[in-house]
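Chemist: Structure: coords15.txt, compact mmCIF, C-alpha atoms and all ligand atoms.
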# COMPACT_ATOMS: atom_id res chain seq x y z
CA MET A 7 183.04 99.70 225.19
CA LYS A 8 180.90 97.53 227.49
CA ASN A 9 182.69 94.83 229.49
CA LEU A 10 186.13 95.66 228.10
CA ASP A 11 187.49 94.70 231.54
CA LYS A 12 186.47 91.09 230.90
CA MET A 13 187.98 90.91 227.43
CA GLY A 14 191.40 89.66 226.40
CA ILE A 15 194.53 91.75 226.52
CA ASN A 16 194.71 92.13 222.72
CA THR A 17 191.20 93.57 222.60
CA LYS A 18 192.18 95.94 225.39
CA VAL A 19 195.33 96.99 223.54
CA VAL A 20 193.23 97.96 220.51
CA HIS A 21 190.24 99.52 222.26
CA ALA A 22 191.08 100.75 225.79
CA GLY A 23 190.83 104.54 225.91
CA GLN A 24 190.32 104.63 222.14
CA LYS A 25 186.70 105.78 222.10
CA ALA A 26 185.20 107.37 219.01
CA ASP A 27 184.88 111.12 219.45
CA PRO A 28 181.37 111.85 220.86
CA ALA A 29 181.17 115.19 219.01
CA THR A 30 182.04 114.00 215.48
CA GLY A 31 182.26 110.20 215.51
CA ALA A 32 185.96 110.34 214.58
CA VAL A 33 187.31 106.84 215.20
CA SER A 34 190.81 108.10 215.95
CA VAL A 35 190.88 110.08 219.21
CA PRO A 36 191.28 113.74 218.18
CA ILE A 37 194.28 115.81 219.23
CA TYR A 38 192.84 118.41 221.58
CA GLN A 39 195.63 120.88 220.89
CA SER A 40 194.45 123.53 223.30
CA SER A 41 196.27 124.88 226.34
CA THR A 42 193.09 126.01 228.07
CA PHE A 43 189.34 125.19 228.20
CA LYS A 44 186.37 127.55 228.27
CA PHE A 45 183.92 127.32 231.18
CA ASN A 46 180.14 127.67 230.64
CA ASP A 47 179.92 130.23 233.45
CA ALA A 48 181.56 131.18 236.74
CA ASP A 49 179.87 128.36 238.69
CA HIS A 50 181.05 125.78 236.16
CA GLY A 51 184.61 127.15 236.42
CA ALA A 52 184.42 126.91 240.21
CA ALA A 53 183.09 123.33 240.04
CA CYS A 54 185.92 122.30 237.69
CA PHE A 55 188.51 123.69 240.09
CA SER A 56 186.93 122.25 243.23
CA GLY A 57 186.76 118.80 241.64
CA GLU A 58 182.94 118.72 241.75
CA SER A 59 182.97 118.60 237.97
CA ASN A 60 185.59 116.67 236.05
CA GLY A 61 185.64 119.26 233.27
CA TYR A 62 188.98 120.23 231.79
CA LYS A 63 190.65 123.47 232.94
CA TYR A 64 194.17 123.81 231.62
CA THR A 65 196.29 121.27 229.74
CA ARG A 66 199.01 120.94 232.37
CA LEU A 67 196.21 119.81 234.73
CA GLY A 68 194.66 117.37 232.25
CA ASN A 69 193.73 117.13 228.58
CA PRO A 70 191.23 114.85 226.77
CA THR A 71 193.81 113.31 224.40
CA THR A 72 196.22 112.67 227.25
CA ALA A 73 193.35 111.27 229.35
CA ALA A 74 192.53 108.77 226.58
CA LEU A 75 196.11 107.48 226.71
CA GLU A 76 196.01 107.34 230.51
CA GLU A 77 192.86 105.25 230.31
CA SER A 78 194.42 102.92 227.76
CA ILE A 79 197.49 102.09 229.85
CA ASN A 80 195.50 102.03 233.08
CA VAL A 81 193.22 99.34 231.64
CA LEU A 82 196.20 97.32 230.39
CA GLU A 83 197.88 97.41 233.81
CA GLY A 84 194.66 97.01 235.81
CA GLY A 85 195.11 100.13 237.97
CA CYS A 86 192.72 102.70 239.47
CA GLY A 87 194.21 105.47 237.33
CA ALA A 88 197.29 106.69 235.53
CA VAL A 89 199.32 109.86 235.19
CA ALA A 90 201.05 110.51 231.85
CA ALA A 91 204.40 112.25 231.89
CA ALA A 92 206.58 114.11 229.41
CA THR A 93 209.26 111.39 229.59
CA GLY A 94 209.88 108.11 231.36
CA MET A 95 212.15 109.96 233.79
CA ALA A 96 209.39 112.49 234.55
CA ALA A 97 207.25 109.45 235.45
CA VAL A 98 209.97 108.00 237.70
CA ASN A 99 210.30 111.42 239.33
CA ALA A 100 206.55 111.61 239.91
CA VAL A 101 206.86 108.36 241.88
CA TYR A 102 209.83 109.49 243.98
CA LEU A 103 208.37 112.95 244.63
CA THR A 104 205.01 111.55 245.64
CA MET A 105 206.26 108.76 247.86
CA LEU A 106 209.41 110.18 249.51
CA SER A 107 210.07 113.06 251.92
CA ALA A 108 213.15 114.25 253.81
CA GLY A 109 214.20 111.57 256.28
CA ASP A 110 212.65 108.73 254.25
CA HIS A 111 214.49 105.75 252.84
CA ILE A 112 214.11 103.84 249.58
CA VAL A 113 215.39 100.36 248.72
CA ALA A 114 216.04 99.94 245.00
CA THR A 115 217.37 97.39 242.52
CA ASP A 116 221.09 98.02 241.95
CA ALA A 117 220.75 97.51 238.20
CA LEU A 118 218.11 100.25 237.97
CA TYR A 119 217.88 102.25 234.74
CA GLY A 120 220.93 104.59 234.95
CA PRO A 121 219.21 107.97 235.61
CA SER A 122 216.62 106.38 237.95
CA ARG A 123 219.53 105.43 240.18
CA MET A 124 221.64 108.54 239.55
CA ILE A 125 218.93 111.00 240.65
CA LEU A 126 218.55 109.16 243.95
CA GLU A 127 222.31 109.18 244.53
CA ASN A 128 223.02 112.73 243.36
CA GLU A 129 219.81 114.75 243.69
CA TYR A 130 217.33 113.26 246.16
CA SER A 131 220.24 112.84 248.60
CA ARG A 132 220.44 116.66 248.63
CA PHE A 133 216.93 116.73 250.09
CA GLY A 134 217.55 114.17 252.80
CA VAL A 135 216.22 111.06 251.03
CA GLU A 136 218.35 108.04 251.73
CA ALA A 137 218.72 105.17 249.21
CA THR A 138 220.09 101.64 249.45
CA PHE A 139 220.74 99.69 246.25
CA VAL A 140 220.64 95.92 246.45
CA ASP A 141 220.84 92.92 244.17
CA SER A 142 217.09 92.34 244.21
CA THR A 143 217.35 89.05 242.28
CA ASN A 144 217.49 87.65 245.81
CA PRO A 145 214.48 89.10 247.72
CA GLN A 146 216.30 88.46 250.99
CA ASN A 147 218.67 91.33 250.07
CA VAL A 148 215.63 93.61 249.81
CA ALA A 149 214.33 92.43 253.18
CA ASP A 150 217.75 92.95 254.79
CA ALA A 151 217.94 96.54 253.52
CA ILE A 152 214.60 97.61 254.98
CA GLN A 153 214.88 100.29 257.68
CA PRO A 154 212.23 101.76 260.00
CA ASN A 155 212.03 104.79 257.66
CA THR A 156 211.73 102.79 254.40
CA LYS A 157 208.73 104.13 252.48
CA LEU A 158 209.31 102.71 249.04
CA VAL A 159 210.82 99.65 247.39
CA PHE A 160 211.56 100.35 243.73
CA ILE A 161 212.45 97.45 241.47
CA GLU A 162 213.00 96.94 237.78
CA SER A 163 212.26 93.55 236.26
CA PRO A 164 213.58 92.58 233.79
CA ALA A 165 216.41 94.96 234.64
CA ASN A 166 218.34 96.96 232.12
CA PRO A 167 220.67 95.75 230.62
CA THR A 168 221.37 92.61 232.64
CA LEU A 169 217.91 91.10 232.03
CA SER A 170 217.95 89.86 235.61
CA LEU A 171 214.58 89.37 237.25
CA THR A 172 213.14 90.32 240.62
CA ASP A 173 210.35 88.36 242.27
CA ILE A 174 207.48 90.89 242.30
CA GLU A 175 205.22 88.94 244.65
CA ALA A 176 208.00 88.40 247.19
CA CYS A 177 209.02 92.08 247.11
CA ALA A 178 205.42 93.23 247.51
CA LYS A 179 205.16 91.16 250.67
CA ILE A 180 208.47 92.48 252.04
CA ALA A 181 207.45 96.09 251.32
CA HIS A 182 203.96 95.71 252.77
CA ASP A 183 205.19 93.92 255.90
CA ALA A 184 207.39 96.98 256.50
CA GLY A 185 204.53 99.43 255.89
CA ALA A 186 206.13 100.54 252.59
CA LYS A 187 204.87 100.48 249.00
CA LEU A 188 206.27 98.60 246.00
CA ALA A 189 206.89 100.38 242.70
CA ILE A 190 208.20 98.67 239.59
CA ASP A 191 209.60 99.89 236.30
CA ASN A 192 207.77 97.62 233.84
CA THR A 193 209.24 99.14 230.66
CA PHE A 194 211.04 96.02 229.47
CA ALA A 195 208.14 93.62 229.99
CA THR A 196 205.28 95.84 228.76
CA PRO A 197 201.79 95.39 230.26
CA LEU A 198 201.32 92.64 227.73
CA LEU A 199 203.85 90.28 229.29
CA GLN A 200 203.76 91.27 232.96
CA GLN A 201 201.06 92.88 235.09
CA PRO A 202 202.73 93.78 238.40
CA LEU A 203 199.63 95.26 240.10
CA SER A 204 198.02 91.82 239.99
CA LEU A 205 201.14 90.42 241.69
CA GLY A 206 200.91 92.85 244.61
CA ALA A 207 202.81 95.92 243.37
CA ASP A 208 201.29 99.32 244.18
CA ILE A 209 202.77 101.44 241.40
CA VAL A 210 203.91 100.68 237.84
CA VAL A 211 206.10 102.99 235.76
CA HIS A 212 206.76 102.87 232.02
CA SER A 213 209.03 104.70 229.69
CA MET A 214 206.49 104.71 226.84
CA THR A 215 209.38 105.87 224.66
CA LYS A 216 210.07 102.16 224.33
CA PHE A 217 207.61 99.36 223.52
CA ILE A 218 204.33 101.15 224.23
CA ASN A 219 204.89 103.83 221.61
CA GLY A 220 207.13 101.52 219.64
CA HIS A 221 208.05 103.71 216.70
CA THR A 222 211.17 105.51 217.96
CA ASP A 223 209.57 108.92 217.41
CA VAL A 224 208.38 110.04 220.86
CA VAL A 225 209.71 110.26 224.41
CA ALA A 226 207.00 109.72 227.01
CA GLY A 227 206.28 108.14 230.37
CA ILE A 228 203.39 107.02 232.55
CA VAL A 229 202.66 105.91 236.10
CA VAL A 230 199.77 103.56 236.90
CA VAL A 231 198.67 103.19 240.51
CA LYS A 232 196.34 100.90 242.43
CA ASP A 233 195.33 103.15 245.34
CA PRO A 234 193.08 106.19 244.67
CA ALA A 235 194.71 108.13 247.55
CA ILE A 236 198.15 107.74 245.95
CA LEU A 237 196.69 108.71 242.57
CA LYS A 238 195.20 111.89 244.01
CA ARG A 239 198.44 112.87 245.71
CA MET A 240 200.49 112.02 242.60
CA LYS A 241 198.33 114.26 240.44
CA GLN A 242 198.86 117.19 242.84
CA VAL A 243 202.62 116.66 242.81
CA HIS A 244 203.01 115.93 239.11
CA TYR A 245 200.74 118.71 237.82
CA ASN A 246 202.50 121.31 239.91
CA PHE A 247 206.01 120.12 239.11
CA GLY A 248 205.00 120.40 235.48
CA GLY A 249 206.39 117.29 233.80
CA THR A 250 203.04 116.55 232.15
CA MET A 251 202.41 115.27 228.65
CA ASP A 252 201.55 117.29 225.57
CA PRO A 253 198.36 116.23 223.70
CA HIS A 254 200.18 115.78 220.40
CA GLN A 255 202.66 113.48 222.09
CA ALA A 256 199.77 111.59 223.71
CA TRP A 257 198.12 111.09 220.33
CA LEU A 258 201.27 109.60 218.82
CA VAL A 259 201.55 107.14 221.71
CA LEU A 260 197.83 106.29 221.37
CA ARG A 261 198.54 105.42 217.75
CA GLY A 262 201.58 103.38 218.73
CA VAL A 263 199.93 101.36 221.49
CA ARG A 264 197.27 99.97 219.14
CA THR A 265 199.87 97.67 217.56
CA LEU A 266 201.64 96.74 220.81
CA SER A 267 200.53 93.10 220.68
CA LEU A 268 201.57 92.59 217.07
CA ARG A 269 204.94 94.23 217.56
CA VAL A 270 205.80 92.46 220.80
CA GLU A 271 204.72 89.09 219.46
CA LYS A 272 206.90 89.40 216.33
CA ALA A 273 209.92 90.93 218.09
CA GLN A 274 209.75 88.31 220.84
CA LYS A 275 209.69 85.49 218.30
CA ASN A 276 212.74 86.99 216.60
CA THR A 277 214.54 87.33 219.95
CA LEU A 278 214.10 83.67 220.79
CA GLU A 279 215.52 82.63 217.40
CA ILE A 280 218.49 84.97 217.79
CA CYS A 281 219.03 83.72 221.34
CA GLU A 282 219.28 80.15 220.09
CA PHE A 283 221.68 81.16 217.33
CA LEU A 284 223.95 83.03 219.79
CA LEU A 285 223.89 80.22 222.37
CA ASN A 286 225.33 77.89 219.74
CA HIS A 287 227.93 80.32 218.42
CA PRO A 288 231.58 79.53 219.29
CA LYS A 289 232.52 83.20 219.67
CA VAL A 290 229.76 83.97 222.16
CA GLU A 291 230.68 83.64 225.83
CA TRP A 292 227.22 83.98 227.37
CA VAL A 293 223.67 84.94 226.46
CA ARG A 294 220.93 86.29 228.72
CA TYR A 295 217.29 86.26 227.71
CA PRO A 296 214.43 85.67 230.17
CA GLY A 297 212.43 83.85 227.50
CA HIS A 298 214.94 81.01 227.18
CA PRO A 299 215.47 78.10 229.61
CA SER A 300 219.19 79.03 229.77
CA HIS A 301 218.30 82.12 231.81
CA PRO A 302 219.25 81.50 235.45
CA GLN A 303 215.81 82.71 236.59
CA TYR A 304 213.75 81.05 233.88
CA GLU A 305 211.41 79.56 236.47
CA LEU A 306 210.63 83.01 237.88
CA ALA A 307 210.16 84.33 234.34
CA GLN A 308 207.59 81.61 233.75
CA LYS A 309 205.85 82.47 237.00
CA GLN A 310 205.47 86.23 236.59
CA MET A 311 205.80 86.88 232.85
CA SER A 312 203.90 85.51 229.89
CA GLY A 313 206.90 85.94 227.57
CA GLY A 314 210.55 86.94 227.64
CA GLY A 315 210.18 90.20 225.72
CA ALA A 316 212.45 91.47 222.98
CA VAL A 317 215.64 92.64 224.65
CA MET A 318 218.61 90.37 225.23
CA SER A 319 222.23 90.79 226.18
CA PHE A 320 225.29 88.72 225.38
CA GLY A 321 229.05 88.73 225.86
CA VAL A 322 231.53 87.82 223.14
CA LYS A 323 234.85 86.09 223.65
CA GLY A 324 237.54 88.77 223.58
CA GLY A 325 235.65 91.22 225.80
CA LEU A 326 235.24 94.89 225.02
CA GLU A 327 237.26 94.99 221.78
CA ALA A 328 235.47 91.99 220.32
CA GLY A 329 232.16 93.49 221.37
CA LYS A 330 233.03 96.70 219.58
CA THR A 331 233.84 94.77 216.41
CA VAL A 332 230.38 93.21 216.48
CA ILE A 333 228.60 96.49 217.21
CA ASN A 334 230.50 98.42 214.55
CA ASN A 335 229.87 95.88 211.82
CA MET A 336 226.19 95.14 212.18
CA GLN A 337 224.29 96.31 209.10
CA ILE A 338 220.64 96.14 210.20
CA PRO A 339 220.48 97.27 213.84
CA HIS A 340 221.35 100.91 214.33
CA LEU A 341 224.06 101.57 216.88
CA ALA A 342 221.82 103.54 219.22
CA VAL A 343 220.47 103.54 222.74
CA SER A 344 216.77 102.94 223.47
CA LEU A 345 214.73 99.82 222.75
CA GLY A 346 211.24 98.60 222.03
CA GLY A 347 211.00 100.16 218.57
CA ILE A 348 209.93 98.50 215.36
CA GLU A 349 213.59 98.47 214.26
CA SER A 350 216.45 96.63 215.97
CA LEU A 351 219.02 98.61 217.94
CA ILE A 352 222.33 97.54 219.42
CA GLU A 353 224.40 99.26 222.12
CA HIS A 354 227.23 98.88 224.62
CA PRO A 355 225.97 99.89 228.10
CA ALA A 356 229.37 100.16 229.83
CA SER A 357 230.45 102.93 227.45
CA MET A 358 227.04 104.42 226.66
CA THR A 359 223.92 104.22 228.86
CA HIS A 360 225.67 103.27 232.11
CA THR A 361 228.84 105.41 232.04
CA GLY A 362 227.44 107.50 234.92
CA ILE A 363 227.88 104.57 237.31
CA PRO A 364 231.43 103.92 238.58
CA LYS A 365 233.00 100.80 237.02
CA ALA A 366 233.23 98.84 240.28
CA GLU A 367 229.53 99.36 241.03
CA ARG A 368 228.64 98.66 237.43
CA GLU A 369 230.39 95.30 237.50
CA LEU A 370 228.82 94.48 240.84
CA ALA A 371 225.44 95.03 239.16
CA GLY A 372 226.45 92.66 236.34
CA ILE A 373 227.06 95.33 233.71
CA THR A 374 230.38 93.98 232.53
CA ASP A 375 232.55 95.57 229.81
CA ASP A 376 231.83 92.73 227.38
CA LEU A 377 228.03 93.11 227.64
CA VAL A 378 226.33 93.94 224.34
CA ARG A 379 222.61 94.70 224.45
CA ILE A 380 220.40 94.05 221.48
CA ALA A 381 216.86 95.38 221.32
CA VAL A 382 215.26 93.18 218.72
CA GLY A 383 212.80 94.69 216.26
CA CYS A 384 210.29 93.32 213.79
CA GLU A 385 212.57 92.58 210.84
CA ASP A 386 212.93 89.02 209.50
CA ALA A 387 214.78 86.87 212.04
CA LYS A 388 216.87 85.28 209.28
CA ASP A 389 218.24 88.66 208.18
CA LEU A 390 219.16 89.60 211.76
CA ILE A 391 220.86 86.23 212.31
CA ASP A 392 222.79 86.48 209.02
CA ASP A 393 223.87 89.96 210.06
CA LEU A 394 225.06 88.83 213.51
CA SER A 395 226.82 85.89 211.91
CA GLN A 396 228.89 88.04 209.53
CA ALA A 397 229.75 90.50 212.34
CA LEU A 398 230.83 87.69 214.70
CA ASP A 399 233.00 86.21 211.92
CA LEU A 400 235.04 89.43 211.94
CA ILE A 401 236.28 88.87 215.53
C1 LIG B 1 214.26 104.56 228.84
C2 LIG B 1 213.96 104.09 230.19
C3 LIG B 1 213.59 104.97 231.21
C4 LIG B 1 213.55 106.47 231.01
O1 LIG B 1 212.63 106.84 230.06
P1 LIG B 1 212.75 108.19 229.15
O2 LIG B 1 211.52 108.13 228.33
O3 LIG B 1 214.02 108.08 228.38
O4 LIG B 1 212.80 109.33 230.09
C5 LIG B 1 213.27 104.45 232.45
N1 LIG B 1 213.33 103.12 232.67
C6 LIG B 1 213.70 102.24 231.73
C7 LIG B 1 213.75 100.80 232.05
C8 LIG B 1 214.02 102.69 230.45
O5 LIG B 1 214.38 101.81 229.52
Represent the structure from my file as structure tokens, please.

Modeler:
Amino acid sequence: MKNLDKMGINTKVVHAGQKADPATGAVSVPIYQSSTFKFNDADHGAACFSGESNGYKYTRLGNPTTAALEESINVLEGGCGAVAAATGMAAVNAVYLTMLSAGDHIVATDALYGPSRMILENEYSRFGVEATFVDSTNPQNVADAIQPNTKLVFIESPANPTLSLTDIEACAKIAHDAGAKLAIDNTFATPLLQQPLSLGADIVVHSMTKFINGHTDVVAGIVVVKDPAILKRMKQVHYNFGGTMDPHQAWLVLRGVRTLSLRVEKAQKNTLEICEFLLNHPKVEWVRYPGHPSHPQYELAQKQMSGGGAVMSFGVKGGLEAGKTVINNMQIPHLAVSLGGIESLIEHPASMTHTGIPKAERELAGITDDLVRIAVGCEDAKDLIDDLSQALDLI
């Protein structure tokens, strides 16, 4: 589509990468379910491998359906290109593997998605990569952790499950002043609500398992980058390590992303209503949602996000046991990890997603035992509020 770059984000969500098939006119991008691609002749094969031609060769090295999805998310994030991955963690790995070598150092948000932190602590450490985790809600902590060998600053904002925010612009400046790059996990915000590349970040990662696909039926990830040299290097690393995306998976995500705006808008509206209900509930100790003025970093949310998203956390009076009562008695949200789906989900990070992190470190990162995370879906807000109300009454 001509001039899509100048159009609004909702038009991009519907049309970016979603070209009608040139061979048949099919409006839905076809699933090119083929592992390999035939060359016209030996010279064509050679040109495809040398990069002279951008023809497809072998699906691990690129596939038309997957490329359509990469184009879609690249347009939404405003990058120079994207690399789709089998899972969100394969995408995070593509970033670490591309940017870090033995002897290098990374500074990361302490409340990073559990496995994103665990692989640095337990696996990359085996290969001589050093990591420092800081409370990045204060950018000064990031600056103080920089070392001469720091190559990457990796932040997550909003962070999971504390919903704390990190100033993207400030961290980009700190990283760049030190000759390092800034990567951000943008899963919670979606490209709809936060576009980190425009705020100075170099690399954006998504678990598309969450909002981008949005239907709780696929695991998938993607990296979007701003610098063509990093993109080229990342493709080499990622294609050879093999965590690439299957075309059928890509097609499902392409279907999901088309309704991203509608889903996020509805779920976000619901979240704000639930937030207000919980804030006024006598059995609720605290509520954290970046879309509400009660969030301690609301000003920063207003500066770098265009909405608070659809995940919130809260603590109930009575701690862990009371939290369990609420979780066990909710009728609509499934008790399940993950988020960003059309249906609401509720979970308890301290005993589920974040058990891999020792309790003392968990609490330091704000993941207290009483924290309940709710990923709000697209049901009627009134039904979700009635449901929360009856569950809270049981405490
Ligand atoms: C789920 C998630 C991931 C990992 O994604 P997978 O698709 O499960 O591999 C990474 N970061 C965040 C913030 C997530 O929520």

Chemist: Skipping near chain neighbours, those fewer than 6 positions away, what residues fall within 10 Å of Trp292 in chain A using all atoms listed in the file, listed as a PyMOL selection string?

Modeler: chain A and resi 284-286+300+319-323+376-377

Chemist: Any idea what's packed within 6 Å of range 187-204 of chain A, counting only C-alpha atoms, ignoring anything in its chain fewer than 3 positions away? Could you give it as a PyMOL selection string?

Modeler: chain A and resi 82-83+158-162+178+181+207-213+311-313+315

Chemist: Write out, as a PDB file, in the coordinates of the input, the residues just selected, with C-alpha atoms.

Modeler:
ATOM      1  CA  LEU A  82     196.200  97.320 230.390  1.00  0.00           C
ATOM      2  CA  GLU A  83     197.880  97.410 233.810  1.00  0.00           C
ATOM      3  CA  LEU A 158     209.310 102.710 249.040  1.00  0.00           C
ATOM      4  CA  VAL A 159     210.820  99.650 247.390  1.00  0.00           C
ATOM      5  CA  PHE A 160     211.560 100.350 243.730  1.00  0.00           C
ATOM      6  CA  ILE A 161     212.450  97.450 241.470  1.00  0.00           C
ATOM      7  CA  GLU A 162     213.000  96.940 237.780  1.00  0.00           C
ATOM      8  CA  ALA A 178     205.420  93.230 247.510  1.00  0.00           C
ATOM      9  CA  ALA A 181     207.450  96.090 251.320  1.00  0.00           C
ATOM     10  CA  ALA A 207     202.810  95.920 243.370  1.00  0.00           C
ATOM     11  CA  ASP A 208     201.290  99.320 244.180  1.00  0.00           C
ATOM     12  CA  ILE A 209     202.770 101.440 241.400  1.00  0.00           C
ATOM     13  CA  VAL A 210     203.910 100.680 237.840  1.00  0.00           C
ATOM     14  CA  VAL A 211     206.100 102.990 235.760  1.00  0.00           C
ATOM     15  CA  HIS A 212     206.760 102.870 232.020  1.00  0.00           C
ATOM     16  CA  SER A 213     209.030 104.700 229.690  1.00  0.00           C
ATOM     17  CA  MET A 311     205.800  86.880 232.850  1.00  0.00           C
ATOM     18  CA  SER A 312     203.900  85.510 229.890  1.00  0.00           C
ATOM     19  CA  GLY A 313     206.900  85.940 227.570  1.00  0.00           C
ATOM     20  CA  GLY A 315     210.180  90.200 225.720  1.00  0.00           C
TER      21      GLY A 315
END

Chemist: Could you tell me how far CA of Gly23 in chain A lies from CA of Asn246 in chain A, in Å and to one decimal?

Modeler: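 CA of Gly23 in chain A sits 24.8 Å away from CA of Asn246 in chain A.
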
Chemist: Please identify every residue of chain A that has at least one atom no farther than 8 Å from an atom of ligand LIG 1 (chain B), counting all atoms listed in the file, and for each give the shortest atom pair and the distance in Å to one decimal, arranged by chain then increasing number, as CSV.

Modeler:
residue,atom,partner,partner_atom,distance
A:Ala92,CA,B:LIG1,O2,7.8
A:Thr93,CA,B:LIG1,O4,4.1
A:Gly94,CA,B:LIG1,O1,3.3
A:Met95,CA,B:LIG1,O4,3.8
A:Ala96,CA,B:LIG1,O4,6.4
A:Ala97,CA,B:LIG1,O4,7.7
A:Val98,CA,B:LIG1,C5,7.1
A:Leu118,CA,B:LIG1,C7,7.4
A:Tyr119,CA,B:LIG1,N1,5.1
A:Pro121,CA,B:LIG1,C4,7.4
A:Ser122,CA,B:LIG1,C5,6.7
A:Glu162,CA,B:LIG1,C7,6.9
A:Ala165,CA,B:LIG1,C7,6.9
A:Asn166,CA,B:LIG1,C7,6.0
A:Asp191,CA,B:LIG1,C7,6.0
A:Asn192,CA,B:LIG1,C7,7.0
A:Thr193,CA,B:LIG1,C7,5.0
A:Phe194,CA,B:LIG1,C7,6.1
A:Val211,CA,B:LIG1,N1,7.9
A:His212,CA,B:LIG1,N1,6.6
A:Ser213,CA,B:LIG1,O1,4.2
A:Met214,CA,B:LIG1,O2,6.3
A:Thr215,CA,B:LIG1,O2,4.8
A:Lys216,CA,B:LIG1,C1,6.6
A:Val225,CA,B:LIG1,O2,4.8
A:Ala226,CA,B:LIG1,O2,5.0
A:Gly227,CA,B:LIG1,O2,5.6
A:Ser344,CA,B:LIG1,C1,6.1
A:Leu345,CA,B:LIG1,O5,7.1

Chemist: Give me, please, the distance in Å between CA of Phe43 in chain A and CA of Lys63 in chain A, quoted to one decimal.

Modeler: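 Distance between the two atoms: 5.2 Å.
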
Chemist: Put the listed atoms of range 79-82 of chain A in a box along x, y and z with 5 Å added on every side and give me the centre and edge lengths in Å to one decimal, as JSON.

Modeler:
{"center_x": 195.4, "center_y": 99.7, "center_z": 231.5, "size_x": 14.3, "size_y": 14.8, "size_z": 13.2}

Chemist: Go ahead and compute the interatomic distance for CA of Asn147 in chain A and CA of Tyr304 in chain A, in Å to one decimal.

Modeler: 19.8 Å

Chemist: Within 10 Å of Ala186 in chain A, counting all atoms listed in the file, which residues qualify if same-chain residues fewer than 6 places away don't, as a ChimeraX atom specification?

Modeler: /A:105,111-112,152,154-159,178-180,208

Chemist: Of the candidates A:Leu266, A:Asn69, A:Val317, A:Thr168, which shows the shortest atom-to-atom distance to Thr374 in chain A, using only C-alpha atoms?

Modeler: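 That would be A:Thr168, the residue with the smallest distance to Thr374 in chain A.
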